[in-house]
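Visitor: Quick one: the structure is below, and I'll ask about it shortly.
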Amino acid sequence: MQPPPSGSQQGFGYPPNPSFMPPRGPPAAWGAPPRPGVPQWSSPSMAPPTGPPTGPGGVSPMGPGFYNPAASLGPPPPPKGPPVNGVTVPPTMNGADSMRPGSGPLGPPPTGSATVAPASSTSAPNGPLKPRYAPPPSFPVGPSLQPGQRPADLPLPRPQLLQPPPVNPIFYNGGSSEASSAQSSRVSTPLPTQRYDQLEGQFSESSSGHNTPSRPAPVPPHMWASMARNQSTGSLPASVSPSPIPTFPKSTSQGMIHPFTPSMAPPPPAPPTGPPSGPPTSAGNLGNSGLSAARRVYPTQQFEPPKAPVAPPAAAPPMQQPMQQPSGQMVNQRFEQMQISSPAHSGGDRVVDLLKERHILPPQKDQPPRASLPGDLKHANCSPEIFRCTVTAIPQTAAILSKCRLPLGILIHPFKDLSQLPVIQSTVIVRCRSCRTYINPFVSFVDSSRWRCNLCYRINEIPDDFLFDPQTKSYGDPSRRPEIRSATIEFIAPQEYALRPPQPAVYCFLLDVSFNAVETGYLKQFSAILEDVLEQLPGDKRTLISFIAYDSAVHFFNLQENLSQPQMLTVPDIDDIFLPMPDYLLANLQDCQEMVSQFVQTLPTLFAGTHETNSALGAALEAAFKLMSAHGGRLTVFQTMLPNVGPGALKSREDPNERAAKDVENLAPANDFYKKLALECCGQQIAVDLFLLSGRYADLATLSCVSKYSGGEVKYYPAFHAVNNRPESERFERDLRRYLTRKIGFEAVMRVRCTKGLNLHTFHGNFFVRSTDLLALPNVNPDAGYAMQISIEEGLTETDRVCFQAALLYTSSRGERRIRVHTLCLPVTTNVSDIYAGADTEAIVGLVAKMAVDRTMASSLHDAREAMYLVCSDFLTAFGATLTSSQKMGALYSPPSLRLLPLYMHVLTRNMAFRVGASTKLDERVFAMCQCKSMPLAYLMLMVHPNMYALHTLNVGSTRSEENSSDGEDEAAPGMPPLLPLSAEVVDRRGAYLLDTGERMYLWVGTNISENFCSQVLGVPSFASVTDQSNELPELENPYSLRVRRIVSYLLEQRSFHAPLVIVREDSRHRSVFLQYLHSDRVDSSDSYYEFVQKLYKQVCKA
């Protein structure tokens, strides 16, 4: 593959690498269709470069912030444009959610440029480069027998020392431009290995040979008789050394951990020089029910060497004696005598060999890493449930970030439901006069009347009112104020923070009443739930409500209190929609509650006999926009089919025969009608939430735009039917009930600030970017998450800490203007080992998932999958560059903090959003992508990597399991069984397993399950009586049933949405629903996790 043209502005990116830079000159692919086999890492919304990458810092077309200011999973900072209202606004916005009409996927790309700085020439971190051994290309052939000669008279060939392959200096010298000639020669090799320097699309090529293990040479004829004599005892002659046979030690809870020994002691026998050839044999359905619940060891395929005694080689120095063995065996013996010490960066650190740890998943979920701060600041830092960074130690310079080859970004859950939130009402809100940062625990006080900003370092005056302590009702030390003691705080804002009087809570419901919608039965459920929670809708006495129904026409309803019954007004002209009675379509909920309740009760019968099969969704949206423009509010849409008439009409674009194709098409919107309408709604503070309840194709790729760009959310219920699909019906009911009663913020804006020297770019989530860093959120809800990528523009040499602060300004449902502030503080380091030790694996996965969606939309699904694979190979290569050749031989080492990253990346490629080869409906794939973009990290990780537990091994006698009794554990949590790897190898036919996929829970019941479990948990005498696809557990009065139900209830409480429980029998025709989540196993369309690691090893060896 040739490297793709540089200059893409969104997606995956690596730091600049002069050794792998494409030829200088204007890229030929700009504006042209992609070349076959060349991944295009460009985003239509960003500016392509006009020339070769040159400039300070190095900017990859994949975008800055991934590894350095110019190396990220996203685009580089846009070129600065003219100031607008005192704010420098770039000519283009970053991110799919910041696109304006005419930009992004729906408009022509603007022009721009990307630059790259000259590489520095630093020395190797570990001293001189050390050569590596590689297997010989061929084995020597001994001389032929001459007449009269015996085999024993033949001289044995002398083993040949292997020449080390060319070493790639880029990971030793930080990207030096003084690349060896071997490096440049590899670019023209016929079979290059594709990799990218930045996750945004700049690729380089290398084709150094594979480090495959040496195979032993054939045994000479003169040893046949000796081997035959030892065959009965199973031993080998003393002169014959067995070739190394790979072994896999059994799994541990934390992976294969090796203590680091900095000195090279006399070498013990080393592990094999390469990975085993081929995946291990699966153990199938193994009986695990007898294993201890305290520490469960999963069955692992073992490759045992011969148990017969093997004579040791000669004690003399190996290179001083005449060769007594064939060269292949001698080379293998040399490898066995080399010491492979476990590498580390500092004393006491330990690393993990991914090749030897097949089951790397720990029995309990890892806690998020905490920043290493002084004691008083560490406890004041923002909770990782709200604010997380991909690394908990920020590199001091872009060059250090480039060496780590890790993505740099933050993920935030700003409106999360909190049990404890300090709320301050004051006439004075202390902020920096320069950068407008809110005072926080990480500022410093110069004296009793001045404080220094922790973002721009300006010294500010302390107002006299700030010296008042609201808790003690006295004046004193300002450090005792709540703003200084808590990193998350909420202010009740004064009048100066409101541009207009606070808007009332306005709710408009857009209801599909076509024949298909009535058949699904959702109207009855909607009416019953709304009537039940009508009084719980967030708001005050000013709350307004309206209903609009649509099929081939648009139906409005007058619900004023002076009417005896609701009045329906139908407008058949959908091409030029208008409001028949605009002053009477919004009803005050408090004054007209009886009329609204009466309408909700009669709604299911109004259209019971309809035969309309058309859907005029576009016209209904236009009517709702006109109705709500004066106030703003929340527009809730219920859609059950493809809109086919009026404005925004669509046609089916899905080919059922192409659902398993590797190149997925039609992921982009079919037109820009819904995007333009969403931007108009955003300007009028209207957010659109979409509930899609359809069993057929509805073009969610196009319809979802109305929610993406208006700050709304998308919910999808495939094959919904109120009666025939009880799990989806139950999920819709629980989700709608929470949706109607949860907290909501209106006319919100959010700005994220960071310390001087850092830059935020490429925002992810559902919003619209008004300026460089101001996100417009017409509505904000507790279930929305956001992410930003970071680049290092200037060296952080003058500070030892950096801070990020997110300020969310919103109007509550009761008309109060409030500001919620979150501040995160992280240390600055120059030590690469500190960066690796504090890497947050889950945050990296969440950020990569969001960027992979952008890469899929801008380029292709294949490129996104390839980029996710290279995320792992490049960080492992960079980490391996800090090790010696002897340490890396035959092993794939990872820092312990990142040991799960390859597992999560492998599982992410098999997620419904990115998988190939498996039949996937287009709407389901698009919905999974929407979740990746907008879900908070905690919920997203559950969707990426489901959790599986064994229920048949529960210790019913204790309320808390031994494995879960940690000091920091929630005391209200029940005893949770250990996590199991997602593999059929650990699934026992005598067992019962709970699989939590986020949206659903599956209870797998094996055919040989014990009658005790069936009677005490399922309420049936035996397996034969278990009802397949049932979705409830009986409430039985016994400890076993109580324990299982408490576990299920606890898992449901950890999320804001409902996950119905589905019981699956092993012999059921629905068993594939459960088995598709066993991501560690091989399927026809995807490798197993072990094969994935082997590919990583080969890729790292070639680097």
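Residue numbering restarts at 1 for every chain of the structure tokens, chains are lettered A, B, ... in their displayed order, and ligands are numbered from 1 as they appear.
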I'd like to know which residues of stretch 969-1100 of chain A are strand (DSSP E or B) (by DSSP, run on the backbone); could you write them as a PyMOL selection string?
Guide: chain A and resi 979-980+992-996+1001-1005+1061-1065+1083+1086
Visitor: Tell me which protein, DNA and RNA residues are within 9 Å of A:Ala619, counting only C-alpha atoms, leaving out same-chain ones fewer than 3 positions away, and put them as a ChimeraX atom specification.
Guide: /A:550,553-554,574-577,616,622-624,645-648
Visitor: Have a look at A:Ala722, A:Ala864, A:Ala670, A:Ala380 and name the one nearest to A:Arg653; count only C-alpha atoms.
Guide: A:Ala670
Visitor: Just list the residues in stretch 655-893 of chain A DSSP gives helix (DSSP H, G or I) on the backbone, as a PyMOL selection string.
Guide: chain A and resi 656-658+673-683+700-703+705-708+726-741+832-837+841-858+861-880+885-888
Visitor: Rounded to one decimal, what separation in Å do you get between atom CA of A:Ser1025 and atom CA of A:Arg1043?
Guide: 21.9 Å
Visitor: Could you check the closest approach to A:Tyr457 for each of A:Cys432, A:Leu703, A:Val1044, A:Leu579 and tell me which residue wins, using only C-alpha atoms?
Guide: A:Cys432
Visitor: Would you compute the distance between atom CA of A:Cys456 and atom CA of A:Leu824? Give it in Å to one decimal.
Guide: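 Between atom CA of A:Cys456 and atom CA of A:Leu824 the gap is 15.2 Å.
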Visitor: Between A:Met976, A:Pro895, A:His952, A:Leu693, which has the minimum distance to A:Asp834 (counting only C-alpha atoms)?
Guide: A:Pro895
Visitor: Pick out the residues sitting within 7 Å of A:Thr797, and hand them over as a list in words; count only C-alpha atoms, and ignore anything fewer than 2 positions along from it in its own chain.
Guide: Gln396, Gly795 and Thr799 of chain A
Visitor: Residues as selected, C-alpha atoms, written as a CSV table (one decimal), in the first residue's frame, can you do that?
Guide:
```
chain,number,residue,atom,x,y,z
A,396,GLN,CA,6.0,18.4,29.2
A,795,GLY,CA,6.3,23.3,26.2
A,799,THR,CA,4.7,24.7,35.5
```
Visitor: Using only C-alpha atoms, determine which residues lie at most 10 Å from A:Asp735, disregarding the query and same-chain residues fewer than 4 positions distant; provide the list as a list in words.
Guide: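 Selected residues are Lys715, Ser729, Glu730, Arg731, Tyr739, Leu740, Ser1056, Phe1057, His1058 and Ala1059 of chain A.
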